[in-house]
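Below: start.cif (mmCIF, C-alpha atoms)
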```
data_target
loop_
_atom_site.label_atom_id
_atom_site.label_comp_id
_atom_site.auth_asym_id
_atom_site.auth_seq_id
_atom_site.Cartn_x
_atom_site.Cartn_y
_atom_site.Cartn_z
CA MET A 1 8.16 -164.91 -275.82
CA ILE A 2 6.00 -163.90 -278.79
CA VAL A 3 2.66 -162.21 -278.21
CA PHE A 4 0.00 -161.61 -280.87
CA GLU A 5 -2.59 -159.08 -279.70
CA GLY A 6 -5.46 -159.05 -282.17
CA ALA A 7 -2.95 -159.10 -285.02
CA THR A 8 -4.79 -158.85 -288.32
CA VAL A 9 -3.47 -158.67 -291.87
CA SER A 10 -5.52 -157.37 -294.78
CA VAL A 11 -4.54 -156.67 -298.38
CA PRO A 12 -6.33 -154.41 -300.84
CA GLY A 13 -8.61 -156.32 -303.18
CA PRO A 14 -10.93 -155.35 -306.05
CA ASP A 15 -13.91 -155.28 -303.66
CA GLY A 16 -12.18 -153.55 -300.77
CA ASP A 17 -9.73 -154.92 -298.22
CA ARG A 18 -9.45 -158.69 -297.99
CA ARG A 19 -8.35 -160.29 -294.73
CA ILE A 20 -5.67 -162.91 -295.10
CA LEU A 21 -5.19 -163.29 -291.35
CA GLU A 22 -8.16 -162.85 -289.03
CA PRO A 23 -7.55 -161.19 -285.62
CA LEU A 24 -5.11 -163.44 -283.79
CA SER A 25 -4.49 -163.27 -280.04
CA VAL A 26 -2.07 -165.85 -278.77
CA THR A 27 1.09 -166.05 -276.66
CA LEU A 28 3.89 -168.36 -277.80
CA ALA A 29 6.24 -169.31 -274.99
CA GLU A 30 7.02 -172.98 -275.76
CA ARG A 31 10.40 -173.95 -277.19
CA ARG A 32 9.15 -175.61 -280.38
CA ILE A 33 5.93 -174.50 -282.02
CA ALA A 34 4.58 -175.84 -285.30
CA VAL A 35 2.05 -174.08 -287.50
CA ILE A 36 0.10 -176.33 -289.87
CA GLY A 37 -2.57 -175.58 -292.44
CA ALA A 38 -3.43 -175.92 -296.09
CA ASN A 39 -1.65 -173.96 -298.84
CA GLY A 40 -2.93 -170.39 -298.83
CA SER A 41 -4.27 -170.64 -295.27
CA GLY A 42 -2.13 -167.77 -293.91
CA LYS A 43 0.70 -169.74 -292.25
CA SER A 44 3.55 -167.81 -293.90
CA THR A 45 1.89 -164.50 -293.13
CA LEU A 46 1.70 -165.49 -289.48
CA LEU A 47 5.42 -166.32 -289.47
CA LYS A 48 6.38 -163.11 -291.26
CA LEU A 49 4.52 -161.12 -288.60
CA ILE A 50 7.01 -162.43 -286.04
CA ASN A 51 10.03 -160.65 -287.49
CA GLY A 52 8.19 -157.69 -288.97
CA LEU A 53 8.49 -158.77 -292.61
CA VAL A 54 4.74 -158.31 -292.63
CA THR A 55 3.27 -155.74 -290.29
CA PRO A 56 -0.25 -156.07 -288.90
CA THR A 57 -2.92 -153.81 -290.37
CA ALA A 58 -4.64 -153.97 -286.97
CA GLY A 59 -3.50 -155.15 -283.55
CA ARG A 60 0.16 -155.74 -282.75
CA VAL A 61 2.85 -158.35 -282.35
CA LEU A 62 5.38 -158.22 -279.52
CA VAL A 63 8.64 -160.17 -279.54
CA GLU A 64 10.30 -160.21 -276.15
CA GLY A 65 8.31 -157.09 -275.38
CA LEU A 66 9.35 -155.28 -278.57
CA ASP A 67 6.72 -154.11 -281.02
CA THR A 68 7.53 -155.46 -284.51
CA VAL A 69 6.43 -152.17 -286.09
CA LYS A 70 8.03 -149.67 -283.73
CA ALA A 71 11.23 -151.67 -283.18
CA GLY A 72 11.48 -153.67 -286.40
CA ARG A 73 15.27 -153.56 -286.61
CA ALA A 74 15.72 -154.68 -283.00
CA VAL A 75 13.17 -157.46 -283.53
CA ARG A 76 15.01 -158.74 -286.61
CA GLN A 77 18.23 -158.85 -284.60
CA ARG A 78 16.48 -161.27 -282.26
CA VAL A 79 14.54 -163.28 -284.81
CA GLY A 80 16.25 -165.33 -287.54
CA PHE A 81 14.14 -166.34 -290.53
CA VAL A 82 14.66 -169.36 -292.76
CA PHE A 83 12.78 -169.51 -296.06
CA THR A 84 11.54 -172.56 -297.95
CA ASP A 85 13.92 -171.98 -300.88
CA PRO A 86 17.48 -171.42 -299.64
CA LEU A 87 18.53 -170.09 -303.05
CA SER A 88 16.49 -166.97 -302.49
CA GLN A 89 18.14 -166.55 -299.12
CA LEU A 90 21.81 -167.20 -299.89
CA VAL A 91 23.08 -163.94 -301.29
CA MET A 92 26.79 -164.54 -301.77
CA PRO A 93 28.43 -166.97 -304.21
CA THR A 94 29.71 -169.37 -301.52
CA GLY A 95 28.39 -170.47 -298.14
CA LEU A 96 31.44 -169.13 -296.34
CA GLU A 97 30.97 -165.67 -297.85
CA ASP A 98 27.28 -165.73 -297.00
CA VAL A 99 28.01 -166.50 -293.35
CA GLU A 100 30.62 -163.71 -293.43
CA LEU A 101 27.97 -161.36 -294.81
CA SER A 102 25.76 -162.14 -291.80
CA LEU A 103 28.68 -161.29 -289.51
CA ARG A 104 29.68 -158.01 -291.23
CA ALA A 105 27.64 -155.79 -288.94
CA ARG A 106 29.21 -157.15 -285.74
CA LEU A 107 32.73 -158.05 -286.88
CA ARG A 108 34.57 -155.38 -288.85
CA ASN A 109 37.92 -157.15 -288.91
CA PRO A 110 38.02 -159.41 -292.03
CA THR A 111 40.36 -161.99 -290.45
CA GLU A 112 38.23 -162.29 -287.33
CA ARG A 113 35.11 -162.49 -289.52
CA ARG A 114 36.62 -165.31 -291.58
CA THR A 115 37.68 -167.27 -288.50
CA THR A 116 34.26 -166.91 -286.89
CA ALA A 117 32.47 -167.88 -290.13
CA LEU A 118 34.62 -170.99 -290.50
CA GLY A 119 33.87 -171.85 -286.87
CA VAL A 120 30.12 -171.57 -287.54
CA LEU A 121 30.37 -173.85 -290.59
CA GLU A 122 32.48 -176.31 -288.61
CA ARG A 123 29.80 -176.40 -285.92
CA PHE A 124 27.18 -177.40 -288.50
CA GLY A 125 29.45 -179.91 -290.24
CA LEU A 126 29.59 -177.72 -293.34
CA ALA A 127 33.28 -176.75 -293.33
CA PRO A 128 34.13 -179.01 -296.32
CA LEU A 129 31.51 -177.14 -298.39
CA ALA A 130 32.57 -173.67 -297.25
CA GLU A 131 34.11 -172.51 -300.53
CA GLN A 132 31.83 -174.35 -302.95
CA SER A 133 29.50 -172.34 -305.16
CA ILE A 134 25.98 -172.37 -303.70
CA TYR A 135 24.82 -173.59 -307.12
CA ASP A 136 26.94 -176.72 -306.74
CA LEU A 137 25.39 -177.69 -303.39
CA SER A 138 22.47 -180.10 -303.06
CA GLY A 139 19.11 -178.79 -301.83
CA GLY A 140 19.77 -180.11 -298.33
CA GLU A 141 23.27 -178.64 -298.17
CA ARG A 142 21.90 -175.28 -299.32
CA GLN A 143 19.21 -175.35 -296.65
CA LEU A 144 21.79 -176.19 -293.97
CA MET A 145 24.03 -173.41 -295.31
CA ALA A 146 21.11 -170.93 -295.14
CA LEU A 147 20.44 -172.06 -291.58
CA ALA A 148 24.10 -171.60 -290.65
CA ALA A 149 24.08 -168.07 -292.11
CA VAL A 150 21.00 -167.20 -290.02
CA LEU A 151 22.25 -168.84 -286.83
CA ALA A 152 25.71 -167.25 -287.17
CA VAL A 153 24.40 -164.12 -285.46
CA ASP A 154 22.82 -166.10 -282.58
CA PRO A 155 19.17 -165.06 -282.87
CA ARG A 156 17.06 -165.76 -279.78
CA ILE A 157 14.16 -167.03 -281.90
CA LEU A 158 14.29 -168.98 -285.17
CA VAL A 159 11.35 -168.82 -287.55
CA ALA A 160 11.33 -171.30 -290.44
CA ASP A 161 8.83 -171.34 -293.27
CA GLU A 162 8.43 -174.91 -294.53
CA PRO A 163 12.16 -175.59 -294.15
CA THR A 164 11.96 -179.23 -295.26
CA THR A 165 9.50 -178.97 -298.13
CA LEU A 166 12.13 -179.05 -300.90
CA LEU A 167 14.32 -181.69 -299.26
CA ASP A 168 14.70 -185.41 -299.80
CA LEU A 169 14.20 -187.76 -296.88
CA ARG A 170 17.88 -187.87 -295.84
CA ASN A 171 18.28 -184.09 -295.82
CA GLU A 172 14.91 -183.63 -294.18
CA ARG A 173 16.17 -185.80 -291.31
CA ARG A 174 19.41 -183.76 -291.13
CA VAL A 175 17.51 -180.48 -290.88
CA ARG A 176 15.10 -181.89 -288.30
CA ARG A 177 17.98 -183.25 -286.23
CA LEU A 178 19.67 -179.87 -286.36
CA PHE A 179 16.46 -178.13 -285.31
CA SER A 180 15.98 -180.46 -282.37
CA GLY A 181 19.42 -179.54 -281.01
CA LEU A 182 18.95 -175.78 -281.17
CA ASP A 183 18.83 -173.63 -278.05
CA GLN A 184 16.62 -171.06 -279.77
CA GLN A 185 12.85 -170.92 -279.54
CA LEU A 186 11.66 -172.35 -282.85
CA VAL A 187 8.46 -171.51 -284.72
CA PHE A 188 7.98 -173.29 -288.04
CA THR A 189 5.36 -174.09 -290.64
CA THR A 190 5.24 -177.51 -292.24
CA HIS A 191 3.10 -179.92 -294.22
CA ASP A 192 5.00 -182.82 -292.65
CA LEU A 193 2.75 -183.92 -289.81
CA GLU A 194 5.46 -186.17 -288.35
CA PHE A 195 7.71 -183.09 -288.08
CA ALA A 196 4.85 -181.13 -286.48
CA ALA A 197 4.29 -183.98 -284.00
CA ASP A 198 7.83 -183.43 -282.67
CA SER A 199 6.92 -179.96 -281.37
CA ASP A 200 5.59 -178.83 -277.99
CA ARG A 201 2.56 -177.05 -279.38
CA VAL A 202 0.76 -176.90 -282.73
CA LEU A 203 -1.36 -174.11 -284.18
CA VAL A 204 -3.79 -175.08 -286.95
CA ILE A 205 -4.60 -172.30 -289.39
CA ASP A 206 -7.47 -172.53 -291.84
CA ASP A 207 -8.59 -169.78 -294.18
CA GLY A 208 -6.73 -167.13 -292.16
CA ARG A 209 -8.16 -168.24 -288.81
CA LEU A 210 -6.61 -170.04 -285.88
CA VAL A 211 -8.94 -173.03 -285.63
CA PHE A 212 -7.02 -175.13 -283.12
CA ASP A 213 -4.22 -174.53 -280.66
CA GLY A 214 -2.91 -177.26 -278.42
CA ASP A 215 -0.90 -180.42 -278.04
CA PRO A 216 0.49 -181.93 -281.27
CA ARG A 217 -1.54 -185.17 -281.39
CA THR A 218 -4.92 -183.51 -280.88
CA ALA A 219 -3.99 -180.67 -283.26
CA ILE A 220 -2.96 -183.09 -286.01
CA ASP A 221 -6.16 -185.10 -285.58
CA HIS A 222 -8.14 -181.87 -285.80
CA TYR A 223 -6.27 -180.88 -288.96
CA ARG A 224 -6.85 -184.30 -290.56
CA GLY A 225 -10.56 -184.09 -289.74
CA LEU A 226 -10.70 -180.60 -291.24
CA HIS A 227 -9.39 -181.77 -294.58
CA LEU A 228 -10.86 -185.25 -294.76
CA ASP A 229 -13.83 -184.11 -296.83
CA ALA A 230 -12.10 -181.20 -298.53
CA GLY A 231 -9.49 -183.54 -300.07
CA LYS A 232 -12.00 -185.84 -301.72
CA LEU A 233 -12.04 -185.97 -305.51
CA PRO A 234 -15.23 -186.27 -307.54
CA GLY A 235 -16.28 -189.95 -307.48
CA ASP A 236 -14.41 -190.74 -304.22
CA ASP A 237 -17.71 -191.56 -302.48
CA ARG A 238 -18.70 -194.16 -305.06
CA MET B 1 17.09 -174.65 -310.57
CA ARG B 2 20.12 -176.18 -312.22
CA GLY B 3 23.58 -174.99 -311.19
CA HIS B 4 25.05 -172.20 -313.26
CA GLY B 5 28.47 -170.66 -313.29
CA SER B 6 28.79 -166.93 -313.53
CA LEU B 7 30.25 -164.95 -316.42
CA LEU B 8 32.43 -163.29 -313.81
CA GLY B 9 33.22 -166.51 -311.96
CA THR B 10 33.76 -167.08 -308.27
CA TYR B 11 36.96 -166.90 -306.28
CA VAL B 12 39.53 -169.64 -306.82
CA ASP B 13 41.74 -170.18 -303.80
CA GLY B 14 45.44 -169.53 -304.41
CA ASP B 15 48.56 -167.61 -303.39
CA SER B 16 49.74 -166.37 -306.80
CA LEU B 17 51.01 -162.88 -307.54
CA LEU B 18 47.54 -161.73 -308.57
CA HIS B 19 45.89 -163.36 -305.54
CA ARG B 20 48.22 -161.36 -303.29
CA ALA B 21 48.05 -158.09 -305.28
CA PRO B 22 46.05 -155.25 -303.65
CA LEU B 23 42.48 -154.95 -304.88
CA TRP B 24 42.95 -151.35 -306.03
CA SER B 25 45.82 -152.35 -308.36
CA LYS B 26 43.76 -155.13 -309.93
CA GLY B 27 40.74 -152.84 -310.31
CA LEU B 28 42.90 -150.18 -311.93
CA GLY B 29 44.42 -152.78 -314.25
CA VAL B 30 41.00 -153.97 -315.43
CA LEU B 31 39.87 -150.38 -315.94
CA LEU B 32 42.97 -149.39 -317.95
CA LEU B 33 42.94 -152.53 -320.05
CA SER B 34 39.23 -152.31 -320.86
CA THR B 35 39.18 -148.60 -321.66
CA GLY B 36 42.51 -148.95 -323.50
CA VAL B 37 41.26 -151.53 -326.02
CA LEU B 38 37.94 -149.76 -326.51
CA PHE B 39 39.47 -146.32 -327.12
CA ALA B 40 42.46 -147.51 -329.20
CA ASN B 41 40.25 -149.78 -331.33
CA ARG B 42 43.27 -151.15 -333.16
CA PRO B 43 43.95 -154.85 -333.79
CA ALA B 44 47.52 -154.59 -332.50
CA VAL B 45 46.40 -153.11 -329.16
CA THR B 46 43.60 -155.64 -328.76
CA GLY B 47 45.99 -158.48 -329.60
CA ALA B 48 48.53 -157.24 -327.07
CA ALA B 49 45.84 -156.82 -324.38
CA LEU B 50 44.50 -160.30 -325.02
CA ALA B 51 48.01 -161.72 -324.76
CA LEU B 52 48.56 -159.81 -321.53
CA VAL B 53 45.33 -161.14 -320.02
CA THR B 54 46.27 -164.68 -321.07
CA VAL B 55 49.64 -164.30 -319.34
CA GLY B 56 47.77 -162.93 -316.33
CA TYR B 57 45.62 -166.09 -316.14
CA LEU B 58 48.35 -168.63 -316.75
CA VAL B 59 51.35 -167.02 -315.02
CA GLY B 60 50.08 -164.15 -312.84
CA ALA B 61 47.21 -166.13 -311.28
CA ARG B 62 48.47 -169.67 -312.05
CA LEU B 63 44.99 -170.70 -313.25
CA SER B 64 44.34 -173.58 -315.63
CA PRO B 65 43.66 -172.69 -319.31
CA ILE B 66 40.04 -173.85 -318.93
CA HIS B 67 39.36 -170.60 -317.04
CA LEU B 68 40.09 -168.70 -320.26
CA TRP B 69 37.23 -170.42 -322.05
CA ARG B 70 34.60 -170.49 -319.27
CA PRO B 71 33.42 -166.85 -319.50
CA LEU B 72 33.29 -167.08 -323.28
CA ALA B 73 31.32 -170.35 -323.42
CA PRO B 74 27.89 -168.87 -322.58
CA VAL B 75 28.32 -165.84 -324.85
CA TRP B 76 29.93 -167.33 -327.94
CA PRO B 77 26.64 -167.56 -329.94
CA MET B 78 26.14 -163.83 -329.41
CA LEU B 79 29.77 -163.12 -330.35
CA VAL B 80 29.39 -165.16 -333.55
CA ILE B 81 26.28 -163.20 -334.54
CA LEU B 82 27.96 -159.85 -333.81
CA ALA B 83 31.13 -160.91 -335.63
CA GLY B 84 29.07 -162.11 -338.61
CA TYR B 85 27.28 -158.80 -338.82
CA GLN B 86 30.55 -156.83 -338.60
CA LEU B 87 32.13 -159.13 -341.21
CA ILE B 88 29.39 -158.35 -343.71
CA VAL B 89 29.09 -154.63 -342.94
CA ASN B 90 32.63 -153.52 -342.00
CA GLY B 91 34.92 -156.38 -343.00
CA PRO B 92 37.05 -158.99 -341.19
CA ALA B 93 39.23 -156.53 -339.22
CA ALA B 94 36.18 -154.95 -337.55
CA ALA B 95 34.76 -158.41 -336.75
CA LEU B 96 38.00 -159.51 -335.12
CA LEU B 97 38.29 -156.23 -333.21
CA LEU B 98 34.77 -156.48 -331.81
CA VAL B 99 35.15 -160.07 -330.61
CA GLY B 100 38.67 -159.36 -329.31
CA ASN B 101 37.59 -156.27 -327.37
CA ILE B 102 34.58 -157.94 -325.74
CA GLY B 103 36.67 -161.02 -324.93
CA THR B 104 39.43 -158.90 -323.37
CA CYS B 105 37.02 -156.94 -321.15
CA LEU B 106 35.21 -160.10 -320.03
CA LEU B 107 38.40 -162.04 -319.30
CA ALA B 108 40.00 -159.11 -317.46
CA ALA B 109 36.93 -158.61 -315.24
CA ARG B 110 36.75 -162.33 -314.52
CA LEU B 111 40.45 -162.45 -313.63
CA LEU B 112 39.75 -159.93 -310.88
CA THR B 113 36.86 -161.92 -309.38
CA LEU B 114 38.73 -165.22 -309.69
CA THR B 115 41.65 -163.87 -307.67
CA THR B 116 39.74 -161.76 -305.11
CA GLU B 117 37.66 -163.18 -302.26
CA GLY B 118 34.04 -162.02 -302.29
CA GLN B 119 34.26 -160.30 -298.92
CA ARG B 120 37.44 -158.43 -299.99
CA LEU B 121 35.67 -157.34 -303.14
CA LEU B 122 32.69 -156.22 -301.07
CA ASP B 123 35.00 -154.31 -298.70
CA GLY B 124 36.57 -152.63 -301.75
CA LEU B 125 33.21 -151.67 -303.21
CA VAL B 126 32.12 -150.30 -299.85
CA SER B 127 35.27 -148.19 -299.53
CA LEU B 128 34.70 -146.86 -303.08
CA ALA B 129 31.40 -145.40 -301.92
CA VAL B 130 32.70 -143.96 -298.63
CA PRO B 131 33.50 -140.49 -300.12
CA PHE B 132 29.84 -140.19 -301.14
CA ARG B 133 28.61 -140.68 -297.57
CA ARG B 134 28.45 -136.89 -297.19
CA LEU B 135 25.93 -136.84 -300.03
CA GLY B 136 23.75 -139.33 -298.18
CA ALA B 137 25.08 -142.52 -299.78
CA ASP B 138 25.13 -145.70 -297.70
CA PRO B 139 28.42 -147.48 -298.60
CA GLU B 140 27.36 -150.85 -297.13
CA ARG B 141 24.16 -150.79 -299.14
CA PHE B 142 26.08 -149.74 -302.27
CA GLY B 143 28.51 -152.67 -301.90
CA LEU B 144 25.69 -155.10 -301.17
CA THR B 145 23.77 -153.90 -304.23
CA LEU B 146 26.73 -154.52 -306.53
CA ALA B 147 27.40 -157.89 -304.93
CA LEU B 148 23.75 -158.82 -305.48
CA MET B 149 23.96 -157.66 -309.08
CA THR B 150 26.86 -160.01 -309.85
CA ARG B 151 25.16 -162.81 -307.91
CA SER B 152 21.94 -162.34 -309.90
CA VAL B 153 23.57 -162.85 -313.31
CA PRO B 154 24.06 -166.64 -312.99
CA TYR B 155 20.58 -166.99 -311.51
CA LEU B 156 19.03 -165.21 -314.48
CA VAL B 157 21.17 -167.17 -316.97
CA GLY B 158 19.92 -170.33 -315.26
CA SER B 159 16.33 -169.11 -315.34
CA VAL B 160 16.56 -168.49 -319.12
CA ALA B 161 17.94 -172.00 -319.67
CA ASP B 162 15.21 -173.58 -317.50
CA VAL B 163 12.43 -171.66 -319.25
CA ARG B 164 13.87 -172.56 -322.66
CA ASP B 165 13.85 -176.26 -321.71
CA ALA B 166 10.29 -176.00 -320.40
CA ALA B 167 9.16 -174.29 -323.63
CA ARG B 168 10.93 -176.95 -325.72
CA ALA B 169 9.21 -179.71 -323.73
CA ARG B 170 5.85 -178.17 -324.65
CA GLY B 171 6.84 -177.60 -328.30
CA LEU B 172 6.82 -173.84 -327.78
CA GLU B 173 10.50 -173.10 -328.43
CA ARG B 174 9.64 -170.81 -331.37
CA ASN B 175 7.13 -168.78 -329.35
CA PRO B 176 8.93 -165.71 -327.93
CA ARG B 177 6.16 -165.12 -325.39
CA ALA B 178 6.70 -168.59 -323.90
CA LEU B 179 10.33 -167.64 -323.35
CA VAL B 180 10.19 -163.97 -322.35
CA ILE B 181 7.17 -163.80 -320.05
CA PRO B 182 8.21 -166.59 -317.62
CA VAL B 183 11.75 -165.17 -317.44
CA VAL B 184 10.47 -161.67 -316.62
CA ILE B 185 7.97 -162.97 -314.05
CA GLY B 186 10.67 -165.20 -312.56
CA ALA B 187 13.11 -162.28 -312.36
CA VAL B 188 10.56 -160.10 -310.55
CA ALA B 189 9.72 -162.93 -308.13
CA TYR B 190 13.44 -163.54 -307.55
CA ALA B 191 14.01 -159.85 -306.81
CA HIS B 192 11.08 -159.86 -304.40
CA GLN B 193 12.30 -163.00 -302.60
CA THR B 194 15.85 -161.70 -302.38
CA GLY B 195 14.66 -158.39 -300.97
CA GLU B 196 12.54 -160.20 -298.42
CA ALA B 197 15.42 -162.50 -297.46
CA LEU B 198 17.73 -159.51 -297.03
CA ALA B 199 15.19 -157.70 -294.89
CA ALA B 200 14.70 -160.85 -292.80
CA ARG B 201 18.44 -160.87 -292.12
CA GLY B 202 18.46 -157.14 -291.42
CA LEU B 203 20.72 -156.47 -294.44
CA GLY B 204 20.22 -153.21 -296.32
CA GLU B 205 16.67 -152.87 -295.10
CA ALA B 206 14.57 -149.76 -295.57
CA GLY B 207 11.87 -150.77 -293.08
CA PRO B 208 8.65 -152.68 -293.67
CA SER B 209 5.38 -151.16 -294.75
CA ALA B 210 1.96 -152.22 -293.55
CA ALA B 211 1.03 -155.61 -294.94
CA ALA B 212 3.96 -155.43 -297.33
CA GLY B 213 5.00 -158.88 -298.41
CA ALA B 214 1.88 -160.53 -297.09
CA SER B 215 1.01 -163.72 -298.86
CA GLU B 216 -1.67 -166.25 -298.30
CA ASP B 217 0.59 -169.21 -297.60
#
```
Write out the structure in this file as structure tokens.
Amino acid sequence: MIVFEGATVSVPGPDGDRRILEPLSVTLAERRIAVIGANGSGKSTLLKLINGLVTPTAGRVLVEGLDTVKAGRAVRQRVGFVFTDPLSQLVMPTGLEDVELSLRARLRNPTERRTTALGVLERFGLAPLAEQSIYDLSGGERQLMALAAVLAVDPRILVADEPTTLLDLRNERRVRRLFSGLDQQLVFTTHDLEFAADSDRVLVIDDGRLVFDGDPRTAIDHYRGLHLDAGKLPGDDR
Amino acid sequence: MRGHGSLLGTYVDGDSLLHRAPLWSKGLGVLLLSTGVLFANRPAVTGAALALVTVGYLVGARLSPIHLWRPLAPVWPMLVILAGYQLIVNGPAAALLLVGNIGTCLLAARLLTLTTEGQRLLDGLVSLAVPFRRLGADPERFGLTLALMTRSVPYLVGSVADVRDAARARGLERNPRALVIPVVIGAVAYAHQTGEALAARGLGEAGPSAAAGASED
């Protein structure tokens, strides 16, 4: 369970502190939660609060009862994070080595580490790509590889920041299928409203504020209404 | 970003003599060969070292000859410029020596990475730093830093190529600012993203600061 208690994020600006996330108090207990909103609305900041990559300037965030500031390391052991661009996430030259890197802290024996890493890649259907350079993989394969590296350590919660944005339709479907089969609680941001509709609950963020929180259909309608006028170009009314 | 090979290459699976050799012996070999040619600075020594490295590729590691050219392909324009300068200033022997020495060092270093799995290399780097633990060094972080350094080279090479193409498309290929500024900004952004991704995975983290990394997305 993830609990936001008045969590606020501000950054210094030329005219004093500027809030990029207004005080947020919400409890996330559903299995699949989508966060939607325009670019620059504060969605990524909200996600980064969950594993302590961003810490609140006021209020607090609790993950399974652990404060993300006081117990950041323990929180990150429970929360896996997938970024939009897998290239910034994959650190090692091949997928296999990257999964092994994830496992280093818990498996000191190199042979055991290799066997476990290969098992993880097998589970995700990525074994044939294990030893390929990450630069030779397609965008979808890289994203799946990044997911495998994160899931290798069995996090209890998976947070994904626009995980399908850079993918073509086929790979987007692969990632979504993989997400739907996960045991972990999943919190993700997306611009794909069909993807958001698959979740149990949707949060709509606008200009740093939570403006709607509820079932996917109503939330998506609310979001569409919010941006119906904002998206008009000059002359659209004519 | 387009795919880019690394100057130092990535591991090529195999069971040759060099694949099976202990990491310390390969590391020592690279060190002796590189320092040897640089300190001797004689054409005969460089020639012998280059021949030895070639034998290492073809016989010791049973790699195809294409591997001998790959690390030199991205740097040959620079080697030609350096050789040209040496040819004019110090004569043909100096030009040959310079190119031969750089080539030997590059090929020797690449032979090590081609025949050593990344995790074994990382383990080796970590164990190199273990004696410094008493002085407060973190061996895991040291190994990870070096691994990241080698991983960043192909990314940056790729970034330069992408920016050059973008500048050419806008007719700005002769404008150094159009080349340098995007590469520098891209490198800083890449470093920031990598650091964030490492922290998210709990690798080599130093702990978050208030609002650090906050963005408006």
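Picture a line from CA of Thr115 in chain B to CA of His19 in chain B; it runs 4.8 Å.
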Here's the selection I'm unsure about, the PyMOL selection byres ((chain A) within 7 of (chain B)); applied to the file above, which residues does it give, as a list in words?
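Expected selection for the PyMOL selection byres ((chain A) within 7 of (chain B)) here is Val9, Ser10, Val11, Ile20, Asn39, Gly40, Ser41, Gly42, Lys43, Ser44, Thr45, Gly52, Leu53, Val54, Thr55, Pro56, Thr57, Arg73, Arg76, Gly80, Phe81, Ser88, Gln89, Val91, Met92, Pro93, Glu97, Tyr135 and Asp136 of chain A.
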With C-alpha atoms retained, could you export that selection as a tab-separated table (two decimals), keeping the file's coordinate frame?
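Result file again-v3.tsv:
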```
chain	number	residue	atom	x	y	z
A	9	VAL	CA	-3.47	-158.67	-291.87
A	10	SER	CA	-5.52	-157.37	-294.78
A	11	VAL	CA	-4.54	-156.67	-298.38
A	20	ILE	CA	-5.67	-162.91	-295.10
A	39	ASN	CA	-1.65	-173.96	-298.84
A	40	GLY	CA	-2.93	-170.39	-298.83
A	41	SER	CA	-4.27	-170.64	-295.27
A	42	GLY	CA	-2.13	-167.77	-293.91
A	43	LYS	CA	0.70	-169.74	-292.25
A	44	SER	CA	3.55	-167.81	-293.90
A	45	THR	CA	1.89	-164.50	-293.13
A	52	GLY	CA	8.19	-157.69	-288.97
A	53	LEU	CA	8.49	-158.77	-292.61
A	54	VAL	CA	4.74	-158.31	-292.63
A	55	THR	CA	3.27	-155.74	-290.29
A	56	PRO	CA	-0.25	-156.07	-288.90
A	57	THR	CA	-2.92	-153.81	-290.37
A	73	ARG	CA	15.27	-153.56	-286.61
A	76	ARG	CA	15.01	-158.74	-286.61
A	80	GLY	CA	16.25	-165.33	-287.54
A	81	PHE	CA	14.14	-166.34	-290.53
A	88	SER	CA	16.49	-166.97	-302.49
A	89	GLN	CA	18.14	-166.55	-299.12
A	91	VAL	CA	23.08	-163.94	-301.29
A	92	MET	CA	26.79	-164.54	-301.77
A	93	PRO	CA	28.43	-166.97	-304.21
A	97	GLU	CA	30.97	-165.67	-297.85
A	135	TYR	CA	24.82	-173.59	-307.12
A	136	ASP	CA	26.94	-176.72	-306.74
```
Pick out the residues sitting within 12 Å of Ala167 in chain B, and hand them over as JSON, numbers by chain; count all atoms listed in the file, and ignore anything fewer than 2 positions along from it in its own chain.
{"B": [160, 161, 162, 163, 164, 165, 169, 170, 171, 172, 173, 174, 175, 176, 177, 178, 179, 180, 181, 182, 183]}
Run the PyMOL selection byres ((chain A and resi 186) around 12) against the file shown and list the residues it catches, as a PyMOL selection string.
chain A and resi 1-2+28-35+47+50+79-82+151+155-161+163+176+178-185+187-189+196+198-202
What does the distance from CA of His222 in chain A to CA of Val204 in chain A come to in Å, to one decimal?
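Computed distance, CA of His222 in chain A to CA of Val204 in chain A, equals 8.1 Å.
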Counting only C-alpha atoms, which of B:Gly100, B:Gly27, B:Pro131, B:Gly84 gets nearest to Thr46 in chain B?
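Distance minimum relative to Thr46 in chain B lands on B:Gly100.
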Tell me which residues the PyMOL selection byres ((chain A and resi 140) around 8) grabs here, as a list in words.
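In the shown coordinates, the PyMOL selection byres ((chain A and resi 140) around 8) covers Leu137, Ser138, Gly139, Glu141, Arg142, Gln143, Leu144, Leu167, Asp168, Asn171, Glu172 and Val175 of chain A.
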Could you name the residues that touch Ala21 in chain B at 12 Å or less, counting all atoms listed in the file, but leaving out those on the same chain fewer than 5 positions away, as number ranges by chain?
B: 14-16, 26-29, 60-61, 112, 115-117, 120
Take CA of Thr165 in chain A and CA of Thr84 in chain A and report the distance between them in Å, one decimal.
6.7 Å
So, with all atoms listed in the file as the atoms that count, which of A:Leu96, A:Val69, A:Ile36, A:Leu62 lies closest to Ala219 in chain A?
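Answer, going by the shortest atom-to-atom distance: A:Ile36.
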